[in-house]
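Participant: First, the structure itself, so that you have it in front of you.
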Amino acid sequence: MENISSKLISWYHKNKRDLPWRNTTDPYKIWLSEIILQQTRVAQGLPYYLKFTEKYPTVETLAKASEQEVLRLWQGLGYYSRARNMHAAAKYIVTNLEGKFPEKFTEIKKLKGVGDYTAAAIASFAFKEKVAVVDGNVYRVLARIFGIDKDINSNDGKKEFAKTAALLIPEDEPDTYNQAIMEFGALHCTPANPNCLFCPFTQACVARLTQKQDKLPVKIKKLKTKKRFFHYIVVEHQDQLLMKERQAGDIWQGLFDFPIIEATETIDESAVIEQLQSNYIKEFEVQSISKEFKHILTHQHIYAKFFLIKTQKEKQLKSFIAHYGAKLYNQEKIEEIPKPVLVSKYLKEYIF
Ligand code: SF4
């Protein structure tokens, strides 16, 4: 085990990428980087890390910001609950912990949005606590080197991987070891083309010796992708557009979009008009219908069309506004509020 850890660490010193969150032991900045990088590639996450650390250099500054400002800065990164949880955790640290970031794995794990992996990363990188990280890269490296063929989504499999990772982590350099195994998985023992020929484990790796690189790690469960069809009603009134904040219980909570008619498939203009007329606006003109936008999320594919309409009937408009809990916004305000990327694309292409 010791030999494997030291080989990983020595590989890391020669091959690691120079990333800004690796040059700090500030737990706040490490936490920001870890939340940003969840389900996000380094190249995509890096500019967000730089923007966040510049605008909110401390946990106090992040706690003081409004949720809308935080979501606006996060825009384009997806999985917006990460930003909302991060903001709530910053407020918690400032209000309940006198602004002091917790130092122990068990305490860090109590923060909103922080699971085992993130808590282990912060505790080891910032405070050198000996607690092993286990993420997708680590599952792959351990499964291949040791030939572990248990499903990484099963409880039994999780226990075995956690046990193996805990045996590997050294007393003196838990931070470097954790960085090393993740970086090795990200750059060398990659999912599709592991570089087995020039690998420090080429003589010992079970997957290589049995030619099972493409079979390990074993992942059994797969969530089904759901298709959703959004027909957005974009109401224009006196150079303003009607928008509403999305509520809890669905994607994009806290972001702003337009009233939606959702269906199980794309419906045509007459069906949209019919539904709209039964929802308070009887008299309106359809100004334009957008092309279909496709937006891919992890477990959902969104197909969206935007129907731009105009009405002169103030009373009908008021009932519609009340029914959807929406408000009229001018261009300046629309640019400020956080929106799903899909909506920003439509506005750019068709409206502003
Ligand atoms: S030999 Fe290949 S599969 Fe095994 S650890 Fe090295 S790169 Fe990964």
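Chain labels run A, B, ... following the order of the structure tokens; each chain numbers its residues from 1, and ligands are numbered from 1 in the order shown.
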I'd like a table as a tab-separated table: residues in chain A with an atom no more than 9 Å from ligand 1, each row giving the shortest atom pair and its distance in Å to one decimal, only C-alpha atoms and all ligand atoms counted, sorted by chain and rising residue number.

Facilitator:
```
residue	atom	partner	partner_atom_place_in_ligand_line	distance
A:Arg140	CA	ligand 1	8 (Fe)	8.0
A:Val141	CA	ligand 1	5 (S)	5.8
A:Leu142	CA	ligand 1	5 (S)	8.0
A:Ala143	CA	ligand 1	3 (S)	8.9
A:Arg144	CA	ligand 1	3 (S)	5.3
A:Ile145	CA	ligand 1	5 (S)	5.2
A:Phe146	CA	ligand 1	4 (Fe)	8.9
A:Phe184	CA	ligand 1	8 (Fe)	8.6
A:Gly185	CA	ligand 1	8 (Fe)	7.7
A:His188	CA	ligand 1	7 (S)	5.8
A:Cys189	CA	ligand 1	8 (Fe)	4.0
A:Thr190	CA	ligand 1	8 (Fe)	7.2
A:Pro191	CA	ligand 1	8 (Fe)	8.9
A:Asn193	CA	ligand 1	7 (S)	8.2
A:Pro194	CA	ligand 1	7 (S)	4.4
A:Asn195	CA	ligand 1	7 (S)	4.6
A:Cys196	CA	ligand 1	2 (Fe)	3.5
A:Leu197	CA	ligand 1	1 (S)	7.0
A:Phe198	CA	ligand 1	6 (Fe)	7.7
A:Cys199	CA	ligand 1	6 (Fe)	4.6
A:Pro200	CA	ligand 1	6 (Fe)	6.6
A:Phe201	CA	ligand 1	6 (Fe)	5.1
A:Thr202	CA	ligand 1	1 (S)	4.3
A:Gln203	CA	ligand 1	1 (S)	7.5
A:Ala204	CA	ligand 1	1 (S)	7.6
A:Cys205	CA	ligand 1	4 (Fe)	4.6
A:Val206	CA	ligand 1	4 (Fe)	6.9
A:Ala207	CA	ligand 1	3 (S)	5.5
A:Arg208	CA	ligand 1	1 (S)	5.1
A:Leu209	CA	ligand 1	1 (S)	8.1
A:Gln211	CA	ligand 1	3 (S)	8.6
A:Lys212	CA	ligand 1	3 (S)	8.0
A:Gln213	CA	ligand 1	3 (S)	5.2
A:Asp214	CA	ligand 1	3 (S)	8.6
A:Leu216	CA	ligand 1	3 (S)	8.6
```

Participant: Would you mind listing what lies within 10 Å of Asn15 in chain A as a list in words, with only C-alpha atoms counted and same-chain residues fewer than 5 positions away left out?

Facilitator: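 Final neighbour list, sorted by chain and number: Ile9, Ser10, Ala180, Glu183, Phe184, Leu187 and His188 of chain A.
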
Participant: Which of range 247-307 of chain A end up as helix (DSSP H, G or I) when DSSP is run on this backbone - answer as a PyMOL selection string?

Facilitator: chain A and resi 269-277

Participant: What would the file look like if the residues just selected were written as a compact mmCIF listing (two decimals), in the first residue's frame with all heavy atoms?

Facilitator:
```
# COMPACT_ATOMS: atom_id res chain seq x y z
N GLU A 269 -48.88 25.60 -32.95
CA GLU A 269 -49.30 26.96 -32.59
C GLU A 269 -50.76 27.01 -32.13
O GLU A 269 -51.08 27.63 -31.13
CB GLU A 269 -49.08 27.86 -33.81
CG GLU A 269 -49.34 29.29 -33.52
CD GLU A 269 -49.21 30.16 -34.77
OE1 GLU A 269 -48.69 29.68 -35.79
OE2 GLU A 269 -49.63 31.33 -34.70
N SER A 270 -51.65 26.31 -32.88
CA SER A 270 -53.08 26.42 -32.53
C SER A 270 -53.35 25.83 -31.15
O SER A 270 -54.15 26.36 -30.38
CB SER A 270 -53.94 25.75 -33.60
OG SER A 270 -53.57 24.41 -33.69
N ALA A 271 -52.65 24.76 -30.79
CA ALA A 271 -52.87 24.17 -29.46
C ALA A 271 -52.35 25.11 -28.37
O ALA A 271 -52.96 25.23 -27.29
CB ALA A 271 -52.16 22.82 -29.38
N VAL A 272 -51.22 25.78 -28.64
CA VAL A 272 -50.68 26.73 -27.66
C VAL A 272 -51.68 27.88 -27.49
O VAL A 272 -52.01 28.28 -26.37
CB VAL A 272 -49.29 27.26 -28.10
CG1 VAL A 272 -48.82 28.40 -27.19
CG2 VAL A 272 -48.27 26.13 -28.07
N ILE A 273 -52.20 28.41 -28.62
CA ILE A 273 -53.14 29.53 -28.56
C ILE A 273 -54.40 29.13 -27.78
O ILE A 273 -54.88 29.86 -26.92
CB ILE A 273 -53.50 30.01 -29.99
CG1 ILE A 273 -52.26 30.69 -30.58
CG2 ILE A 273 -54.69 30.96 -29.99
CD1 ILE A 273 -52.38 31.08 -32.04
N GLU A 274 -54.86 27.93 -28.06
CA GLU A 274 -56.07 27.45 -27.36
C GLU A 274 -55.85 27.40 -25.84
O GLU A 274 -56.66 27.88 -25.06
CB GLU A 274 -56.38 26.05 -27.88
CG GLU A 274 -57.81 25.62 -27.68
CD GLU A 274 -57.98 24.23 -28.26
OE1 GLU A 274 -57.78 24.06 -29.49
OE2 GLU A 274 -58.24 23.33 -27.47
N GLN A 275 -54.71 26.87 -25.45
CA GLN A 275 -54.41 26.78 -24.01
C GLN A 275 -54.26 28.15 -23.38
O GLN A 275 -54.68 28.40 -22.27
CB GLN A 275 -53.12 26.00 -23.79
CG GLN A 275 -53.30 24.54 -24.06
CD GLN A 275 -52.45 23.71 -23.09
OE1 GLN A 275 -52.25 24.10 -21.95
NE2 GLN A 275 -51.98 22.58 -23.56
N LEU A 276 -53.64 29.05 -24.15
CA LEU A 276 -53.41 30.40 -23.65
C LEU A 276 -54.74 31.12 -23.46
O LEU A 276 -54.96 31.81 -22.47
CB LEU A 276 -52.52 31.13 -24.67
CG LEU A 276 -51.84 32.41 -24.24
CD1 LEU A 276 -51.10 32.22 -22.93
CD2 LEU A 276 -50.87 32.85 -25.31
N GLN A 277 -55.63 30.92 -24.43
CA GLN A 277 -56.93 31.61 -24.34
C GLN A 277 -57.77 31.09 -23.18
O GLN A 277 -58.59 31.81 -22.65
CB GLN A 277 -57.68 31.47 -25.67
CG GLN A 277 -57.09 32.42 -26.70
CD GLN A 277 -57.71 32.25 -28.06
OE1 GLN A 277 -58.14 31.16 -28.43
NE2 GLN A 277 -57.71 33.32 -28.84
```

Participant: Determine the nearest neighbour of Ile281 in chain A from the options A:Lys158, A:Asn85, A:Ala304, A:Val235, counting only C-alpha atoms.

Facilitator: A:Val235

Participant: Nearest to Gly325 in chain A among A:Gln253, A:Thr210, A:Gln247, A:Thr266, with distances taken over only C-alpha atoms: which residue is it?

Facilitator: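 Once distances to Gly325 in chain A are computed over only C-alpha atoms, the minimum belongs to A:Gln247.
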
Participant: Assign secondary structure with DSSP using the backbone only, and return the residues of range 45-285 of chain A in strand (DSSP E) as a list in words.

Facilitator: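 Selection result, strand (DSSP E) within range 45-285 of chain A: Lys226, Lys227, Arg228, Phe229, Phe230, His231, Tyr232, Ile233, Val234, Val235, Glu236, His237, Gln240, Leu241, Leu242, Met243, Lys244, Glu245, Phe256, Asp257, Ile260, Ile261, Glu262, Ala263 and Glu285 of chain A.
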
Participant: What is the distance between CA of Leu77 in chain A and CA of Val343 in chain A, in Å to one decimal?

Facilitator: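 CA of Val343 in chain A lies 14.2 Å from CA of Leu77 in chain A.
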
Participant: Go ahead and compute the interatomic distance for CA of Leu71 in chain A and CA of Tyr48 in chain A, in Å to one decimal.

Facilitator: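 Interatomic distance, CA of Leu71 in chain A to CA of Tyr48 in chain A: 11.7 Å.
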
Participant: Here is a test: counting only C-alpha atoms, which residue of A:Arg246, A:Lys294, A:Lys310, A:His301 is nearest to Ile233 in chain A?

Facilitator: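 Looking only at the distances to Ile233 in chain A, the closest residue turns out to be A:Lys310.
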
Participant: Which polymer residues have any atom within 9 Å of an atom of Ala263 in chain A, counting only C-alpha atoms, with same-chain residues fewer than 5 positions away left out, as a CSV table (one decimal) with N, CA and C atoms, in the first residue's frame?

Facilitator:
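Saved the output as selection_16.csv:
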```csv
chain,number,residue,atom,x,y,z
A,228,ARG,N,-38.5,16.7,-21.9
A,228,ARG,CA,-39.6,17.7,-21.5
A,228,ARG,C,-39.8,18.7,-22.6
A,229,PHE,N,-41.0,19.1,-22.9
A,229,PHE,CA,-41.3,20.0,-24.0
A,229,PHE,C,-41.9,21.3,-23.4
A,230,PHE,N,-41.1,22.4,-23.5
A,230,PHE,CA,-41.5,23.7,-22.9
A,230,PHE,C,-42.0,24.6,-24.1
A,231,HIS,N,-43.2,25.2,-23.8
A,231,HIS,CA,-43.7,26.2,-24.8
A,231,HIS,C,-43.8,27.5,-24.0
```
